[in-house]
>>> print(open('coords-v5.pdb').read())   # PDB, C-alpha atoms
ATOM      1  CA  MET Z   1       0.000   0.000   0.000  1.00  0.00           C
ATOM      2  CA  LYS Z   2       1.244   3.500  -0.809  1.00  0.00           C
ATOM      3  CA  LYS Z   3       1.967   6.111   1.837  1.00  0.00           C
ATOM      4  CA  GLY Z   4      -1.314   7.786   2.775  1.00  0.00           C
ATOM      5  CA  GLY Z   5      -3.343   4.708   1.814  1.00  0.00           C
ATOM      6  CA  VAL Z   6      -6.238   3.854   4.117  1.00  0.00           C
ATOM      7  CA  LEU Z   7      -6.774   0.528   5.846  1.00  0.00           C
ATOM      8  CA  LEU Z   8     -10.304  -0.420   6.938  1.00  0.00           C
ATOM      9  CA  LEU Z   9     -10.443  -3.773   8.687  1.00  0.00           C
ATOM     10  CA  GLU Z  10     -13.091  -5.700  10.556  1.00  0.00           C
ATOM     11  CA  ALA Z  11     -12.276  -9.182  11.842  1.00  0.00           C
ATOM     12  CA  PHE Z  12     -13.636 -11.580  14.422  1.00  0.00           C
ATOM     13  CA  GLU Z  13     -11.700 -11.218  17.690  1.00  0.00           C
ATOM     14  CA  LYS Z  14     -10.501 -14.222  19.711  1.00  0.00           C
ATOM     15  CA  GLY Z  15     -13.206 -13.550  22.311  1.00  0.00           C
ATOM     16  CA  HIS Z  16     -15.831 -14.242  19.632  1.00  0.00           C
ATOM     17  CA  GLN Z  17     -15.700 -17.950  20.511  1.00  0.00           C
ATOM     18  CA  LYS Z  18     -18.108 -17.352  23.404  1.00  0.00           C
ATOM     19  CA  PHE Z  19     -20.919 -16.272  21.051  1.00  0.00           C
ATOM     20  CA  GLN Z  20     -23.284 -18.366  18.934  1.00  0.00           C
ATOM     21  CA  SER Z  21     -25.618 -17.289  16.173  1.00  0.00           C
ATOM     22  CA  ILE Z  22     -29.171 -18.582  15.659  1.00  0.00           C
ATOM     23  CA  ASN Z  23     -27.752 -21.472  13.605  1.00  0.00           C
ATOM     24  CA  PRO Z  24     -24.654 -22.890  15.373  1.00  0.00           C
ATOM     25  CA  GLN Z  25     -23.280 -24.103  12.018  1.00  0.00           C
ATOM     26  CA  VAL Z  26     -22.613 -20.480  11.000  1.00  0.00           C
ATOM     27  CA  GLY Z  27     -21.955 -17.263  12.846  1.00  0.00           C
ATOM     28  CA  GLY Z  28     -18.268 -16.682  12.425  1.00  0.00           C
ATOM     29  CA  PRO Z  29     -15.261 -18.954  12.737  1.00  0.00           C
ATOM     30  CA  LYS Z  30     -14.933 -21.311  15.681  1.00  0.00           C
ATOM     31  CA  ASP Z  31     -11.282 -22.195  14.961  1.00  0.00           C
ATOM     32  CA  ILE Z  32      -8.973 -20.001  17.101  1.00  0.00           C
ATOM     33  CA  LYS Z  33      -6.506 -19.884  14.162  1.00  0.00           C
ATOM     34  CA  MET Z  34      -9.093 -17.894  12.220  1.00  0.00           C
ATOM     35  CA  LEU Z  35      -9.643 -15.307  14.972  1.00  0.00           C
ATOM     36  CA  TYR Z  36      -7.547 -12.206  15.643  1.00  0.00           C
ATOM     37  CA  ASP Z  37      -6.027 -10.233  18.489  1.00  0.00           C
ATOM     38  CA  LEU Z  38      -5.886  -6.421  18.370  1.00  0.00           C
ATOM     39  CA  GLU Z  39      -2.307  -6.161  19.630  1.00  0.00           C
ATOM     40  CA  GLU Z  40      -1.117  -8.749  17.101  1.00  0.00           C
ATOM     41  CA  LEU Z  41      -2.790  -6.816  14.273  1.00  0.00           C
ATOM     42  CA  LYS Z  42      -1.170  -3.585  15.439  1.00  0.00           C
ATOM     43  CA  LYS Z  43       2.213  -5.319  15.184  1.00  0.00           C
ATOM     44  CA  ASP Z  44       1.338  -6.659  11.731  1.00  0.00           C
ATOM     45  CA  PHE Z  45       0.493  -3.117  10.578  1.00  0.00           C
ATOM     46  CA  LYS Z  46       3.276  -1.322  12.450  1.00  0.00           C
ATOM     47  CA  ASN Z  47       3.832   1.099   9.545  1.00  0.00           C
ATOM     48  CA  PHE Z  48       0.355   2.543   9.975  1.00  0.00           C
ATOM     49  CA  ASP Z  49      -1.001   5.473  11.968  1.00  0.00           C
ATOM     50  CA  PHE Z  50      -4.030   4.102  13.805  1.00  0.00           C
ATOM     51  CA  LYS Z  51      -6.916   6.576  13.819  1.00  0.00           C
ATOM     52  CA  GLU Z  52      -9.169   3.982  15.465  1.00  0.00           C
ATOM     53  CA  ALA Z  53      -8.400   0.465  16.673  1.00  0.00           C
ATOM     54  CA  LYS Z  54     -10.825  -1.207  19.045  1.00  0.00           C
ATOM     55  CA  VAL Z  55     -12.576  -4.393  20.083  1.00  0.00           C
ATOM     56  CA  GLU Z  56     -16.372  -4.198  20.090  1.00  0.00           C
ATOM     57  CA  GLU Z  57     -19.294  -6.447  20.841  1.00  0.00           C
ATOM     58  CA  ILE Z  58     -21.858  -5.952  18.101  1.00  0.00           C
ATOM     59  CA  GLU Z  59     -25.187  -7.382  16.993  1.00  0.00           C
ATOM     60  CA  LEU Z  60     -24.904  -9.106  13.615  1.00  0.00           C
ATOM     61  CA  ALA Z  61     -27.841  -9.167  11.215  1.00  0.00           C
ATOM     62  CA  GLU Z  62     -26.428 -10.698   8.049  1.00  0.00           C
ATOM     63  CA  GLY Z  63     -29.194 -13.007   6.907  1.00  0.00           C
ATOM     64  CA  GLU Z  64     -31.418 -15.598   8.556  1.00  0.00           C
ATOM     65  CA  ASN Z  65     -28.610 -17.849   9.749  1.00  0.00           C
ATOM     66  CA  HIS Z  66     -26.163 -15.173  10.814  1.00  0.00           C
ATOM     67  CA  LYS Z  67     -27.801 -13.175  13.568  1.00  0.00           C
ATOM     68  CA  GLY Z  68     -26.584 -12.556  17.082  1.00  0.00           C
ATOM     69  CA  ARG Z  69     -23.819 -11.141  19.215  1.00  0.00           C
ATOM     70  CA  ALA Z  70     -20.251 -11.031  17.914  1.00  0.00           C
ATOM     71  CA  GLN Z  71     -16.920  -9.727  19.108  1.00  0.00           C
ATOM     72  CA  VAL Z  72     -14.976  -7.946  16.387  1.00  0.00           C
ATOM     73  CA  ILE Z  73     -11.899  -5.821  15.897  1.00  0.00           C
ATOM     74  CA  ARG Z  74     -12.345  -2.615  13.934  1.00  0.00           C
ATOM     75  CA  ILE Z  75      -9.357  -0.735  12.567  1.00  0.00           C
ATOM     76  CA  PHE Z  76      -9.125   2.509  10.633  1.00  0.00           C
ATOM     77  CA  ALA Z  77      -5.512   3.417   9.872  1.00  0.00           C
ATOM     78  CA  GLU Z  78      -3.353   5.344   7.404  1.00  0.00           C
ATOM     79  CA  LYS Z  79      -0.088   4.086   5.903  1.00  0.00           C
ATOM     80  CA  LYS Z  80       2.902   6.126   7.119  1.00  0.00           C
TER
END
>>> encode(input="coords-v5.pdb", output="structure tokens")
Amino acid sequence: MKKGGVLLLEAFEKGHQKFQSINPQVGGPKDIKMLYDLEELKKDFKNFDFKEAKVEEIELAEGENHKGRAQVIRIFAEKK
């Protein structure tokens, strides 16, 4: 990414494992290898100026089988 480029990222956080959607077969990854940690992501994007980087619990409404609480990481950052 070029200097000044913008990174928008939303990913399931490791704490998401405690949540289930209406249909337990969907609702975000259950495998810890597919979940993220905010501090690890900050290290991965160390050449970025973080405008916002936080963990949030949200309510998903992404179709009949993907509704419910979720824990996500949201990042808004600019490449240095």
>>> residues_near_point(input="coords-v5.pdb", point="(2.5, 2.9, 1.5)", cutoff="12 Å", atoms="all atoms listed in the file", output="list in words")
Met1, Lys2, Lys3, Gly4, Gly5, Val6, Leu7, Phe45, Lys46, Asn47, Phe48, Asp49, Ala77, Glu78, Lys79 and Lys80 of chain Z
>>> write_last_selection(input="coords-v5.pdb", atoms="C-alpha atoms", output="PDB file, in the coordinates of the input")
ATOM      1  CA  MET Z   1       0.000   0.000   0.000  1.00  0.00           C
ATOM      2  CA  LYS Z   2       1.244   3.500  -0.809  1.00  0.00           C
ATOM      3  CA  LYS Z   3       1.967   6.111   1.837  1.00  0.00           C
ATOM      4  CA  GLY Z   4      -1.314   7.786   2.775  1.00  0.00           C
ATOM      5  CA  GLY Z   5      -3.343   4.708   1.814  1.00  0.00           C
ATOM      6  CA  VAL Z   6      -6.238   3.854   4.117  1.00  0.00           C
ATOM      7  CA  LEU Z   7      -6.774   0.528   5.846  1.00  0.00           C
ATOM      8  CA  PHE Z  45       0.493  -3.117  10.578  1.00  0.00           C
ATOM      9  CA  LYS Z  46       3.276  -1.322  12.450  1.00  0.00           C
ATOM     10  CA  ASN Z  47       3.832   1.099   9.545  1.00  0.00           C
ATOM     11  CA  PHE Z  48       0.355   2.543   9.975  1.00  0.00           C
ATOM     12  CA  ASP Z  49      -1.001   5.473  11.968  1.00  0.00           C
ATOM     13  CA  ALA Z  77      -5.512   3.417   9.872  1.00  0.00           C
ATOM     14  CA  GLU Z  78      -3.353   5.344   7.404  1.00  0.00           C
ATOM     15  CA  LYS Z  79      -0.088   4.086   5.903  1.00  0.00           C
ATOM     16  CA  LYS Z  80       2.902   6.126   7.119  1.00  0.00           C
TER      17      LYS Z  80
END
>>> closest_residue(input="coords-v5.pdb", among="Z:Gln17, Z:Ile75, Z:Lys51, Z:Arg69", to="Glu39 (chain Z)", atoms="all atoms listed in the file")
Z:Ile75
>>> residues_near_point(input="coords-v5.pdb", point="(-8.5, -15.9, 12.4)", cutoff="9 Å", atoms="only C-alpha atoms", output="count of residues only")
12
>>> closest_residue(input="coords-v5.pdb", among="Z:Glu10, Z:Glu40, Z:Glu52, Z:Glu57", to="Gln71 (chain Z)", atoms="only C-alpha atoms")
Z:Glu57
>>> atom_distance(input="coords-v5.pdb", atom1="CA of Glu62 (chain Z)", atom2="CA of Leu8 (chain Z)")
19.2 Å
>>> atom_distance(input="coords-v5.pdb", atom1="CA of Phe19 (chain Z)", atom2="CA of Asp44 (chain Z)")
26.0 Å
>>> atom_distance(input="coords-v5.pdb", atom1="CA of Gly15 (chain Z)", atom2="CA of Val72 (chain Z)")
8.3 Å
>>> axis_aligned_box(input="coords-v5.pdb", around="region 55-74 of chain Z", padding_each_side="5 Å", output="AutoDock Vina command-line options")
--center_x -21.7 --center_y -10.2 --center_z 13.9 --size_x 29.5 --size_y 25.2 --size_z 23.9
>>> resolve_selection(input="coords-v5.pdb", expression="the PyMOL selection byres ((chain Z and resi 60) around 9)", output="list in words")
Ser21, Gly27, Ile58, Glu59, Ala61, Glu62, Gly63, His66, Lys67, Gly68, Arg69 and Ala70 of chain Z
>>> residues_around(input="coords-v5.pdb", residues="Leu9 (chain Z)", least_positions_apart="3", cutoff="8 Å", atoms="all atoms listed in the file", output="ChimeraX atom specification")
/Z:73-76
